[in-house]
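work_36.cif (mmCIF, C-alpha atoms)
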```
data_model
#
loop_
_atom_site.label_atom_id
_atom_site.label_comp_id
_atom_site.auth_asym_id
_atom_site.auth_seq_id
_atom_site.Cartn_x
_atom_site.Cartn_y
_atom_site.Cartn_z
CA MET J 1 -27.62 53.33 -34.65
CA VAL J 2 -28.82 51.08 -31.82
CA ARG J 3 -27.01 53.12 -29.21
CA ASN J 4 -28.19 56.42 -30.68
CA ILE J 5 -31.80 55.34 -30.40
CA LEU J 6 -31.58 54.20 -26.79
CA CYS J 7 -29.34 57.05 -25.72
CA MET J 8 -32.27 59.34 -26.50
CA ILE J 9 -33.99 57.58 -23.63
CA LEU J 10 -30.99 57.49 -21.33
CA THR J 11 -30.20 61.19 -21.53
CA LEU J 12 -33.74 62.51 -21.05
CA ASN J 13 -34.51 64.22 -17.79
CA LEU J 14 -36.80 61.99 -15.75
CA CYS J 15 -39.27 64.76 -15.16
CA LEU J 16 -39.78 65.10 -18.91
CA LEU J 17 -40.71 61.45 -19.45
CA PRO J 18 -43.71 60.50 -20.13
CA LEU J 19 -43.43 60.45 -23.97
CA MET J 20 -40.45 60.04 -26.27
CA SER J 21 -39.74 59.10 -29.86
CA LEU J 22 -38.10 55.77 -30.70
CA SER J 23 -37.97 56.05 -34.48
CA ASP J 24 -38.88 58.92 -36.79
CA GLY J 25 -39.98 61.39 -34.14
CA SER J 26 -43.68 61.28 -35.00
CA ALA J 27 -46.07 61.85 -32.14
CA GLU J 28 -47.84 58.58 -32.92
CA ASP J 29 -44.66 56.51 -32.41
CA THR J 30 -44.09 57.02 -28.68
CA VAL J 31 -43.77 55.00 -25.48
CA THR J 32 -44.18 55.67 -21.78
CA LEU J 33 -41.06 54.85 -19.79
CA SER J 34 -41.11 54.27 -16.04
CA LYS J 35 -38.26 55.19 -13.71
CA ASP J 36 -37.51 51.47 -13.16
CA LEU J 37 -37.29 50.83 -16.89
CA TYR J 38 -35.06 53.87 -17.33
CA THR J 39 -32.73 52.51 -14.63
CA MET J 40 -32.66 49.13 -16.35
CA TYR J 41 -31.67 50.68 -19.69
CA ARG J 42 -28.83 52.57 -18.00
CA LYS J 43 -27.27 49.22 -17.05
CA PHE J 44 -26.78 48.43 -20.72
CA ASP J 45 -25.13 51.73 -21.62
CA LYS J 46 -21.64 50.19 -21.72
CA LEU J 47 -22.77 47.32 -23.93
CA LEU J 48 -24.48 49.72 -26.33
CA GLU J 49 -21.38 51.89 -26.50
CA ILE J 50 -19.23 48.88 -27.39
CA MET J 51 -21.72 47.75 -30.00
CA GLU J 52 -21.80 51.20 -31.63
CA ILE J 53 -17.99 51.36 -31.78
CA VAL J 54 -17.85 47.90 -33.40
CA GLU J 55 -20.53 48.78 -35.92
CA GLU J 56 -18.80 52.03 -36.89
CA ASP J 57 -15.09 51.19 -36.67
CA TYR J 58 -14.59 47.44 -37.17
CA TYR J 59 -12.58 46.80 -40.34
CA GLU J 60 -15.29 44.65 -41.92
CA ASP J 61 -19.08 44.76 -42.01
CA VAL J 62 -20.56 43.16 -38.92
CA ASP J 63 -23.54 40.86 -38.45
CA GLU J 64 -25.69 42.61 -35.86
CA LYS J 65 -27.68 39.44 -35.17
CA ALA J 66 -24.47 37.52 -34.44
CA LEU J 67 -23.34 40.32 -32.09
CA LEU J 68 -26.58 40.12 -30.12
CA GLU J 69 -26.44 36.32 -29.96
CA GLY J 70 -22.87 36.54 -28.67
CA ALA J 71 -23.91 39.09 -26.06
CA ALA J 72 -26.74 36.83 -24.87
CA ALA J 73 -24.41 33.83 -24.67
CA GLY J 74 -21.81 35.89 -22.84
CA LEU J 75 -24.32 37.16 -20.29
CA LEU J 76 -25.31 33.62 -19.34
CA SER J 77 -21.76 32.22 -19.41
CA SER J 78 -20.67 34.93 -16.96
CA LEU J 79 -22.72 33.12 -14.30
CA GLY J 80 -19.97 30.51 -14.28
CA ASP J 81 -22.59 27.74 -14.44
CA PRO J 82 -21.80 25.18 -17.16
CA TYR J 83 -25.46 24.10 -17.32
CA THR J 84 -26.83 27.55 -18.11
CA TYR J 85 -26.50 28.66 -21.71
CA PHE J 86 -28.10 30.31 -24.72
CA TYR J 87 -29.49 28.42 -27.72
CA THR J 88 -29.41 29.98 -31.14
CA ALA J 89 -32.33 29.02 -33.34
CA ASP J 90 -30.16 26.39 -35.08
CA SER J 91 -28.78 24.84 -31.88
CA PHE J 92 -32.25 24.74 -30.31
CA ALA J 93 -33.63 23.00 -33.39
CA THR J 94 -30.83 20.44 -33.03
CA TYR J 95 -31.77 19.88 -29.38
CA MET J 96 -35.44 19.35 -30.25
CA GLU J 97 -34.45 16.97 -33.05
CA HIS J 98 -32.47 14.93 -30.51
CA GLN J 99 -35.54 14.69 -28.28
CA GLY J 100 -37.41 13.14 -31.17
CA GLY J 101 -34.93 10.28 -31.38
CA GLN J 102 -34.07 10.62 -35.07
CA TYR J 103 -31.54 12.86 -36.73
CA ALA J 104 -29.05 12.99 -39.57
CA GLY J 105 -25.51 12.77 -38.22
CA ILE J 106 -22.54 10.48 -37.67
CA GLY J 107 -23.99 8.35 -34.84
CA ILE J 108 -22.16 9.07 -31.59
CA GLN J 109 -23.20 9.94 -28.06
CA ILE J 110 -20.95 12.39 -26.23
CA SER J 111 -20.32 12.94 -22.53
CA THR J 112 -18.79 16.36 -21.84
CA SER J 113 -17.05 17.01 -18.52
CA TYR J 114 -16.67 20.55 -17.22
CA ILE J 115 -14.05 19.20 -14.82
CA THR J 116 -11.66 17.56 -17.29
CA ARG J 117 -12.79 19.86 -20.13
CA LEU J 118 -12.97 16.80 -22.39
CA SER J 119 -15.80 15.49 -24.57
CA THR J 120 -15.66 11.71 -24.51
CA ILE J 121 -17.47 9.33 -26.85
CA SER J 122 -19.73 7.33 -24.53
CA ARG J 123 -21.57 5.41 -27.23
CA VAL J 124 -21.17 4.58 -30.92
CA PHE J 125 -24.46 3.60 -32.53
CA ALA J 126 -24.49 0.20 -34.21
CA GLY J 127 -24.42 0.44 -37.98
CA SER J 128 -23.61 4.16 -37.92
CA PRO J 129 -21.06 6.01 -40.08
CA ALA J 130 -18.98 6.59 -36.93
CA GLU J 131 -18.77 2.84 -36.32
CA ALA J 132 -17.81 2.26 -39.96
CA ALA J 133 -15.07 4.92 -39.67
CA GLY J 134 -13.58 3.13 -36.65
CA VAL J 135 -14.65 5.48 -33.84
CA HIS J 136 -14.48 3.80 -30.42
CA ARG J 137 -16.15 4.38 -27.11
CA GLY J 138 -13.65 6.31 -24.98
CA ASP J 139 -12.24 8.35 -27.86
CA ILE J 140 -12.00 12.10 -27.22
CA LEU J 141 -13.83 14.41 -29.61
CA TYR J 142 -11.14 17.01 -30.30
CA GLN J 143 -12.10 18.98 -33.41
CA VAL J 144 -15.02 19.22 -35.86
CA GLU J 145 -14.06 20.88 -39.14
CA ASP J 146 -12.09 23.94 -37.90
CA LEU J 147 -13.81 24.13 -34.50
CA LEU J 148 -11.90 23.01 -31.39
CA VAL J 149 -14.29 21.17 -29.09
CA THR J 150 -14.68 22.53 -25.55
CA PRO J 151 -17.60 22.45 -23.09
CA GLU J 152 -18.53 25.88 -24.44
CA THR J 153 -18.47 24.84 -28.12
CA ILE J 154 -19.89 21.31 -27.85
CA ASN J 155 -23.38 22.37 -28.99
CA GLU J 156 -21.91 24.08 -32.04
CA ALA J 157 -19.78 21.00 -32.75
CA VAL J 158 -22.85 18.77 -32.62
CA SER J 159 -24.68 21.10 -35.01
CA ILE J 160 -21.81 20.91 -37.49
CA MET J 161 -21.73 17.10 -37.37
CA ARG J 162 -25.41 16.97 -38.23
CA GLY J 163 -26.55 17.62 -41.77
CA THR J 164 -27.77 16.01 -44.96
CA PRO J 165 -27.43 12.21 -45.24
CA GLY J 166 -24.76 11.28 -47.76
CA THR J 167 -22.55 14.30 -47.04
CA THR J 168 -19.35 14.14 -44.98
CA VAL J 169 -17.71 16.05 -42.14
CA ARG J 170 -14.08 16.25 -40.96
CA VAL J 171 -13.74 15.10 -37.35
CA THR J 172 -10.60 14.66 -35.24
CA PHE J 173 -10.51 12.24 -32.31
CA LEU J 174 -7.83 11.51 -29.72
CA ARG J 175 -7.19 7.93 -28.63
CA GLY J 176 -4.44 7.86 -26.04
CA GLU J 177 -1.41 9.44 -27.71
CA GLU J 178 -2.87 8.91 -31.19
CA GLN J 179 -4.71 11.56 -33.21
CA LEU J 180 -7.31 10.29 -35.66
CA ASP J 181 -8.23 12.65 -38.51
CA LEU J 182 -11.32 11.16 -40.11
CA VAL J 183 -13.78 12.08 -42.82
CA VAL J 184 -17.07 10.65 -41.56
CA GLY J 185 -20.29 10.31 -43.50
CA ARG J 186 -23.68 11.48 -42.30
CA ALA J 187 -26.71 9.19 -42.26
CA GLN J 188 -30.16 9.00 -40.73
CA ILE J 189 -29.69 7.84 -37.13
CA THR J 190 -32.39 6.27 -34.97
CA MET J 191 -31.53 6.25 -31.27
CA ASN J 192 -32.57 3.20 -29.30
CA ARG J 193 -32.63 4.54 -25.76
CA VAL J 194 -33.41 1.19 -24.11
CA GLU J 195 -31.83 -2.23 -24.67
CA SER J 196 -32.62 -5.39 -22.74
CA CYS J 197 -32.00 -9.13 -22.47
CA MET J 198 -32.07 -11.99 -19.99
CA LEU J 199 -28.83 -12.97 -18.25
CA GLY J 200 -29.53 -16.59 -17.47
CA ASP J 201 -32.91 -17.90 -16.35
CA GLU J 202 -33.77 -15.43 -13.58
CA ILE J 203 -31.87 -12.16 -14.00
CA GLY J 204 -32.99 -9.49 -16.44
CA TYR J 205 -30.82 -6.68 -17.78
CA ILE J 206 -31.88 -3.24 -19.04
CA ARG J 207 -29.49 -0.62 -20.33
CA LEU J 208 -31.04 2.85 -20.27
CA TRP J 209 -29.02 5.28 -22.37
CA GLU J 210 -30.81 8.52 -21.52
CA PHE J 211 -33.98 9.95 -19.99
CA MET J 212 -35.47 11.42 -23.14
CA GLY J 213 -38.18 10.97 -25.74
CA ASP J 214 -40.09 7.70 -25.47
CA CYS J 215 -37.67 6.10 -23.00
CA ALA J 216 -40.27 5.57 -20.25
CA GLN J 217 -42.62 3.68 -22.58
CA MET J 218 -39.73 1.66 -24.01
CA PHE J 219 -38.53 0.87 -20.49
CA GLN J 220 -41.98 -0.39 -19.45
CA THR J 221 -42.14 -2.57 -22.57
CA ALA J 222 -38.73 -4.05 -21.76
CA MET J 223 -39.86 -4.75 -18.19
CA ASN J 224 -43.00 -6.52 -19.42
CA ASP J 225 -41.00 -8.67 -21.83
CA LEU J 226 -38.45 -9.65 -19.19
CA MET J 227 -41.14 -10.46 -16.62
CA ALA J 228 -42.81 -12.69 -19.20
CA GLU J 229 -39.48 -14.52 -19.60
CA GLY J 230 -39.31 -15.27 -15.88
CA MET J 231 -37.22 -12.39 -14.52
CA LYS J 232 -36.87 -12.47 -10.73
CA GLY J 233 -34.19 -9.80 -10.37
CA LEU J 234 -33.14 -6.83 -12.52
CA ILE J 235 -29.80 -5.21 -13.31
CA LEU J 236 -30.36 -1.60 -14.38
CA ASP J 237 -27.36 -0.21 -16.26
CA LEU J 238 -27.08 3.59 -16.11
CA ARG J 239 -23.45 3.86 -17.17
CA ASP J 240 -22.74 6.72 -19.57
CA ASN J 241 -26.31 7.95 -19.16
CA PRO J 242 -26.16 11.77 -19.40
CA GLY J 243 -29.57 12.31 -17.78
CA GLY J 244 -32.41 14.12 -19.47
CA LEU J 245 -35.96 14.94 -18.40
CA LEU J 246 -37.02 14.77 -14.77
CA ASP J 247 -40.51 13.55 -15.69
CA ASP J 248 -38.99 10.48 -17.35
CA ALA J 249 -36.96 9.70 -14.22
CA VAL J 250 -40.14 9.93 -12.14
CA ALA J 251 -42.03 7.68 -14.56
CA ILE J 252 -39.33 4.99 -14.48
CA GLY J 253 -38.89 5.27 -10.71
CA ASP J 254 -42.64 4.78 -10.34
CA ILE J 255 -42.26 1.26 -11.75
CA PHE J 256 -40.15 0.17 -8.76
CA LEU J 257 -41.26 2.44 -5.92
CA ASP J 258 -44.52 2.58 -4.02
CA GLU J 259 -46.13 5.85 -2.95
CA GLY J 260 -43.57 8.35 -1.66
CA ILE J 261 -40.90 10.89 -2.58
CA LEU J 262 -38.59 10.13 -5.48
CA THR J 263 -36.69 13.40 -5.16
CA TYR J 264 -37.20 16.98 -4.02
CA ILE J 265 -35.76 20.21 -5.32
CA GLU J 266 -35.00 23.43 -3.47
CA TYR J 267 -35.02 26.90 -5.03
CA ARG J 268 -32.88 29.89 -4.10
CA ASP J 269 -35.53 31.25 -1.75
CA GLY J 270 -35.62 27.98 0.19
CA THR J 271 -38.96 26.74 -1.11
CA ARG J 272 -39.18 23.02 -1.81
CA GLN J 273 -40.99 20.99 -4.46
CA ASP J 274 -41.52 17.25 -4.06
CA TYR J 275 -41.64 14.75 -6.92
CA ARG J 276 -43.52 11.64 -5.89
CA THR J 277 -44.18 8.13 -7.08
CA GLY J 278 -47.64 6.57 -6.86
CA LYS J 279 -49.09 3.38 -5.44
CA GLY J 280 -48.16 -0.01 -6.83
CA ARG J 281 -44.79 -1.32 -7.95
CA VAL J 282 -42.96 -4.29 -9.40
CA ASP J 283 -41.73 -6.21 -6.37
CA ILE J 284 -38.35 -7.55 -7.49
CA PRO J 285 -34.81 -6.76 -6.33
CA VAL J 286 -32.88 -4.27 -8.45
CA ALA J 287 -29.14 -3.63 -8.78
CA VAL J 288 -27.84 -0.49 -10.50
CA ILE J 289 -24.55 -0.05 -12.38
CA ILE J 290 -23.15 3.49 -12.62
CA ASN J 291 -19.88 5.11 -13.67
CA GLU J 292 -18.24 8.52 -13.84
CA ASN J 293 -20.44 9.41 -16.83
CA SER J 294 -23.73 8.69 -15.04
CA VAL J 295 -25.18 12.17 -14.72
CA SER J 296 -28.18 14.05 -13.36
CA CYS J 297 -31.35 11.92 -13.68
CA SER J 298 -29.17 8.80 -13.56
CA GLU J 299 -27.89 9.89 -10.16
CA LEU J 300 -31.34 11.03 -9.04
CA LEU J 301 -32.93 7.64 -9.82
CA THR J 302 -30.01 5.69 -8.36
CA GLY J 303 -30.22 7.68 -5.13
CA ALA J 304 -33.96 7.17 -4.85
CA LEU J 305 -33.74 3.40 -5.39
CA ARG J 306 -30.97 3.06 -2.81
CA ASP J 307 -32.67 5.31 -0.23
CA ARG J 308 -36.08 3.68 -0.49
CA LEU J 309 -35.39 0.07 -1.57
CA GLY J 310 -31.86 -0.51 -0.33
CA THR J 311 -30.86 -1.12 -3.95
CA ARG J 312 -27.26 -2.24 -4.38
CA VAL J 313 -25.12 0.09 -6.52
CA ILE J 314 -22.12 -1.27 -8.46
CA GLY J 315 -19.42 0.48 -10.50
CA SER J 316 -17.57 3.77 -10.01
CA THR J 317 -18.60 7.08 -8.43
CA SER J 318 -21.04 9.02 -10.58
CA TYR J 319 -20.46 12.46 -12.10
CA GLY J 320 -22.05 14.69 -9.46
CA LYS J 321 -24.60 16.92 -11.21
CA GLY J 322 -27.32 17.67 -8.69
CA VAL J 323 -28.96 20.76 -10.17
CA VAL J 324 -32.10 21.21 -12.24
CA GLN J 325 -32.48 23.29 -15.39
CA GLN J 326 -35.48 24.92 -16.99
CA LEU J 327 -35.67 25.34 -20.76
CA MET J 328 -37.23 28.63 -21.87
CA ARG J 329 -38.17 29.73 -25.39
CA LEU J 330 -37.19 33.36 -25.85
CA ASN J 331 -38.91 34.68 -28.96
CA SER J 332 -40.55 33.88 -32.26
CA GLU J 333 -37.14 33.50 -33.94
CA GLY J 334 -36.64 30.06 -32.36
CA GLU J 335 -34.03 31.05 -29.77
CA ALA J 336 -34.06 29.64 -26.23
CA MET J 337 -32.08 29.48 -23.02
CA GLN J 338 -31.41 26.87 -20.37
CA LEU J 339 -31.19 28.14 -16.79
CA THR J 340 -30.26 26.33 -13.59
CA ILE J 341 -33.13 27.01 -11.21
CA ALA J 342 -32.77 24.59 -8.28
CA GLN J 343 -30.79 21.84 -6.59
CA TYR J 344 -32.17 18.33 -6.11
CA TYR J 345 -31.82 15.87 -3.23
CA THR J 346 -32.43 12.16 -2.75
CA PRO J 347 -35.36 11.12 -0.53
CA ASN J 348 -33.00 10.93 2.48
CA GLY J 349 -31.67 14.43 1.82
CA LEU J 350 -28.39 13.56 0.08
CA ALA J 351 -27.03 16.41 -2.05
CA VAL J 352 -25.43 14.95 -5.17
CA HIS J 353 -23.99 18.14 -6.68
CA HIS J 354 -20.16 18.10 -6.94
CA VAL J 355 -20.22 14.86 -4.91
CA GLY J 356 -21.82 12.11 -6.96
CA ILE J 357 -23.00 8.74 -5.69
CA GLU J 358 -20.44 6.27 -4.43
CA PRO J 359 -21.30 2.63 -5.21
CA ASP J 360 -21.73 -0.06 -2.57
CA VAL J 361 -19.40 -2.22 -4.65
CA VAL J 362 -16.65 -0.10 -6.20
CA ILE J 363 -15.18 -1.60 -9.36
CA SER J 364 -13.79 0.16 -12.43
CA LEU J 365 -13.12 -1.17 -15.90
CA PRO J 366 -9.49 -2.32 -16.30
CA GLU J 367 -7.07 0.18 -17.81
CA GLY J 368 -7.37 0.18 -21.59
CA ASP J 369 -10.88 -1.33 -21.53
CA ASN J 370 -13.13 0.98 -23.56
CA GLY J 371 -16.33 -0.83 -22.59
CA MET J 372 -17.33 -1.64 -26.16
CA TYR J 373 -19.17 -4.85 -25.31
CA GLN J 374 -22.16 -6.44 -26.93
CA LEU J 375 -25.36 -6.39 -24.91
CA GLY J 376 -25.05 -8.72 -21.91
CA ASP J 377 -21.40 -9.69 -22.54
CA MET J 378 -20.00 -11.10 -19.29
CA ASN J 379 -16.48 -10.06 -20.22
CA ASP J 380 -17.66 -6.69 -18.93
CA VAL J 381 -16.25 -6.82 -15.38
CA GLN J 382 -18.76 -4.33 -13.97
CA LEU J 383 -21.71 -6.22 -15.43
CA ARG J 384 -20.29 -9.54 -14.26
CA THR J 385 -19.89 -8.15 -10.74
CA ALA J 386 -23.48 -6.90 -10.73
CA PHE J 387 -24.68 -10.28 -11.99
CA GLU J 388 -22.87 -12.15 -9.23
CA ASP J 389 -24.18 -9.68 -6.66
CA MET J 390 -27.76 -10.17 -7.88
CA LYS J 391 -27.37 -13.97 -7.85
CA ALA J 392 -26.30 -13.76 -4.21
CA THR J 393 -29.33 -11.57 -3.45
CA LEU J 394 -31.72 -14.05 -5.09
CA ASP J 395 -30.05 -16.95 -3.27
CA ARG J 396 -30.54 -15.20 0.08
CA GLU J 397 -34.17 -14.45 -0.69
CA GLY J 398 -34.71 -18.07 -1.71
CA LYS J 399 -33.44 -19.25 1.67
CA ASP J 400 -35.48 -16.78 3.73
#
```

Take the structure in this file and express it as structure tokens.
Amino acid sequence: MVRNILCMILTLNLCLLPLMSLSDGSAEDTVTLSKDLYTMYRKFDKLLEIMEIVEEDYYEDVDEKALLEGAAAGLLSSLGDPYTYFYTADSFATYMEHQGGQYAGIGIQISTSYITRLSTISRVFAGSPAEAAGVHRGDILYQVEDLLVTPETINEAVSIMRGTPGTTVRVTFLRGEEQLDLVVGRAQITMNRVESCMLGDEIGYIRLWEFMGDCAQMFQTAMNDLMAEGMKGLILDLRDNPGGLLDDAVAIGDIFLDEGILTYIEYRDGTRQDYRTGKGRVDIPVAVIINENSVSCSELLTGALRDRLGTRVIGSTSYGKGVVQQLMRLNSEGEAMQLTIAQYYTPNGLAVHHVGIEPDVVISLPEGDNGMYQLGDMNDVQLRTAFEDMKATLDREGKD
């Protein structure tokens, strides 16, 4: 039926346009169609033909809404850009729930790589059902119910894992050569995006898990608390931080940087937009820890601190996502899309995309170390290295 309606438009002689029926043929139900719009409709003729064949000849009844959602997702995926995709109303609601910091689920944070095609557990929330079931950081999320997890299905997998507290979900993880088939409960999860403590008398430590929600306010509170405890140098841990909102990265960067450029983005047409920090900053040395799962805003902030403050960077080379997305609501049905619109650069013009940021001090976790340490645990070799590096910095400043 859909194709029949639009084919009435497509087959009309252009000189006969200006009025045509789109429903019951009544003179009151007409539209004016321009030549440009006619040409645009012709581009969808193949899609409409396929849809009509499916609706008429498929062996079971079809869900037209699901067909249209699949077509929208396919259109965006054909760009070959893993950061551009379509949100159904359900998946968009899940995304917005995540922004709020509370949701009903199993309590894991996932880092999905479009290079390795794996979805790795980067964080297990303390006291969560996932922790109780024995899920570890570093496990691979392989299957949720009957859905195999890929970069293309990760949003759907997350939606399935969320649900009513007290219910369960079947989840399969891979740990080395071992496959773990678990039935995991769902519970109300509250995400703490910032954790902090003092490491000794002079060095503060903040772990920032993502740039989302109230993270900027929480980060400022942590800074105030640590300064009140006598902090003279800070270790900022951005390992396994998947990024988030650019405005939050600017707000946190503004704490450490005086007036100037934090980052700039360039659009396809070559135009540039600067994101700047304001006057006034906390004047203490900062060291940053990153790893291969430090993505997007994590890399942007790290690059800005190194370019403008000479901040020391410790750990392993970051992921290499240097593009910016815009989130767009599509209609009243709650659907949305995410589209890559620009590439970002550090203040000195470094392009991060597909490159990442290489640390000043390169050190990886030992083989078999899943990084599941308590906050501030010095058995963490990357944290211990950053601590020793910061002590040396403070010692030099004390002698100057």

Requested in this report: Tell me which of J:Asp258, J:Glu367, J:Glu178, J:Asp240 sits closest to Ser318 of chain J, counting all atoms listed in the file.
Outcome: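 With all atoms listed in the file as the atom set, the closest residue is J:Asp240.
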
Report task. Rank J:Val169, J:Leu174, J:Leu327, J:Ile284 by their smallest atom-to-atom distance to Met223 of chain J, using only C-alpha atoms, and report the top residue only. Result ->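 Going through J:Val169, J:Leu174, J:Leu327, J:Ile284 one by one, the smallest distance to Met223 of chain J is for J:Ile284.
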
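When all atoms listed in the file are used to compute distances to Ala73 of chain J, the closest of the residues J:Glu131, J:Glu152, J:Asp237, J:Glu195 turns out to be J:Glu152.
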
Radius query 6 Å about (-32.9, 31.5, -27.2), atoms used: all atoms listed in the file, as a PDB file with C-alpha atoms, keeping the file's coordinate frame:
```pdb
ATOM      1  CA  PHE J  86     -28.100  30.310 -24.720  1.00  0.00           C
ATOM      2  CA  TYR J  87     -29.490  28.420 -27.720  1.00  0.00           C
ATOM      3  CA  THR J  88     -29.410  29.980 -31.140  1.00  0.00           C
ATOM      4  CA  ARG J 329     -38.170  29.730 -25.390  1.00  0.00           C
ATOM      5  CA  LEU J 330     -37.190  33.360 -25.850  1.00  0.00           C
ATOM      6  CA  GLU J 335     -34.030  31.050 -29.770  1.00  0.00           C
ATOM      7  CA  ALA J 336     -34.060  29.640 -26.230  1.00  0.00           C
ATOM      8  CA  MET J 337     -32.080  29.480 -23.020  1.00  0.00           C
TER       9      MET J 337
END
```

Query raised in the report: Applied to this file, what does the PyMOL selection byres ((chain J and resi 94-103) around 7) return in terms of residues, put as a list in words?
Result: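 With the shown file as input, the PyMOL selection byres ((chain J and resi 94-103) around 7) matches Asp90, Ser91, Phe92, Ala93, Ala104, Gly105, Ser159, Gln188, Ile189, Thr190, Met191, Met212 and Gly213 of chain J.
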
Requested in this report: Go through the shown structure with the PyMOL selection byres ((chain J and resi 356-366) around 9) and write out the matching residues as a PyMOL selection string.
Outcome: chain J and resi 288-292+294-295+299+302-303+312-322+351-355+367-371+380-382+385-386

Could you expand the PyMOL selection byres ((chain J and resi 249-252) around 7) into the explicit residues it covers here, written as a compact mmCIF listing (two decimals) with C-alpha atoms, in the coordinates of the input?
```
# COMPACT_ATOMS: atom_id res chain seq x y z
CA PHE J 211 -33.98 9.95 -19.99
CA ALA J 216 -40.27 5.57 -20.25
CA LEU J 245 -35.96 14.94 -18.40
CA LEU J 246 -37.02 14.77 -14.77
CA ASP J 247 -40.51 13.55 -15.69
CA ASP J 248 -38.99 10.48 -17.35
CA GLY J 253 -38.89 5.27 -10.71
CA ASP J 254 -42.64 4.78 -10.34
CA ILE J 255 -42.26 1.26 -11.75
CA LEU J 262 -38.59 10.13 -5.48
CA THR J 277 -44.18 8.13 -7.08
CA CYS J 297 -31.35 11.92 -13.68
CA LEU J 301 -32.93 7.64 -9.82
```

Report task. Write out as a list in words the residues lying within 10 Å of Ile154 of chain J, counting all atoms listed in the file and excluding same-chain residues fewer than 6 positions away. Result -> Ile110, Ser111, Thr112, Leu118, Ser119, Leu141, Gln143, Val144, Leu147, Leu148 and Ile160 of chain J

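Nearest residue to Thr311 of chain J, choosing from J:Ser296, J:Thr168, J:Thr393, J:Ser128 and counting only C-alpha atoms: J:Thr393.
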
Query - Spatial neighbours of Asp146 of chain J, max dist 12 Å, only C-alpha atoms, sep filter under 4 positions, as number ranges by chain - result: J: 142, 153, 156-157, 160-161, 169-172, 181

Report summary line: Shortest contact to Leu208 of chain J, candidates J:Leu68, J:Leu76, J:Ile108, J:Leu375, atoms counted all atoms listed in the file, goes to J:Leu375

Query - Between atom CA of Tyr267 of chain J and atom CA of Met40 of chain J, distance in Å (one decimal) - result: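 We find that atom CA of Tyr267 of chain J and atom CA of Met40 of chain J lie 25.1 Å from each other.
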
Query - Distance query Val323 of chain J at most 8 Å, all atoms listed in the file, self and fewer than 4 positions along chain excluded, as a list in words - result: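 These residues fall inside the cut-off: Ser296, Thr340, Ile341, Ala342, Gln343, Tyr344 and His353 of chain J.
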
Report task. Have a look at atom CA of Met51 of chain J and atom CA of Ala72 of chain J and let me know their distance in Å, one decimal. Result ->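 Between these atoms lies a distance of 13.1 Å.
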
Requested in this report: Measuring atom to atom with all atoms listed in the file, identify which of J:Ile121, J:Leu226, J:Leu182, J:Ala287 is nearest to Asn241 of chain J.
Outcome: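 For Asn241 of chain J, the nearest of the candidates is J:Ile121.
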
Query - Spatial neighbours of Val135 of chain J, max dist 9 Å, all atoms listed in the file, sep filter under 3 positions, as a list in words - result: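 Surrounding residues, per the criterion: Ile108, Ile121, Val124, Pro129, Ala130, Glu131, Ala132, Gly138, Asp139, Phe173 and Leu180 of chain J.
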
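Picture a line from atom CA of Gln325 of chain J to atom CA of Arg268 of chain J; it runs 13.1 Å.
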
Query - Who sits within 9 Å of Ile235 of chain J, all atoms listed in the file, same chain under 4 positions skipped, as a VMD selection string - result: chain J and resid 203 to 207 285 to 289 383 386 to 387 390

Saving segment 185-196 of chain J with C-alpha atoms, as a PDB file, in the first residue's frame, what would that file be?
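This went into selection.pdb:
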```
ATOM      1  CA  GLY J 185      19.455 -10.467  38.658  1.00  0.00           C
ATOM      2  CA  ARG J 186      18.366  -6.914  37.955  1.00  0.00           C
ATOM      3  CA  ALA J 187      18.422  -4.213  40.619  1.00  0.00           C
ATOM      4  CA  GLN J 188      18.277  -0.450  40.916  1.00  0.00           C
ATOM      5  CA  ILE J 189      21.772   0.836  40.061  1.00  0.00           C
ATOM      6  CA  THR J 190      23.137   4.241  41.032  1.00  0.00           C
ATOM      7  CA  MET J 191      26.237   5.227  39.079  1.00  0.00           C
ATOM      8  CA  ASN J 192      28.935   7.080  40.977  1.00  0.00           C
ATOM      9  CA  ARG J 193      30.815   8.798  38.178  1.00  0.00           C
ATOM     10  CA  VAL J 194      33.531  10.281  40.412  1.00  0.00           C
ATOM     11  CA  GLU J 195      35.578   8.632  43.166  1.00  0.00           C
ATOM     12  CA  SER J 196      38.401  10.248  45.113  1.00  0.00           C
TER      13      SER J 196
END
```
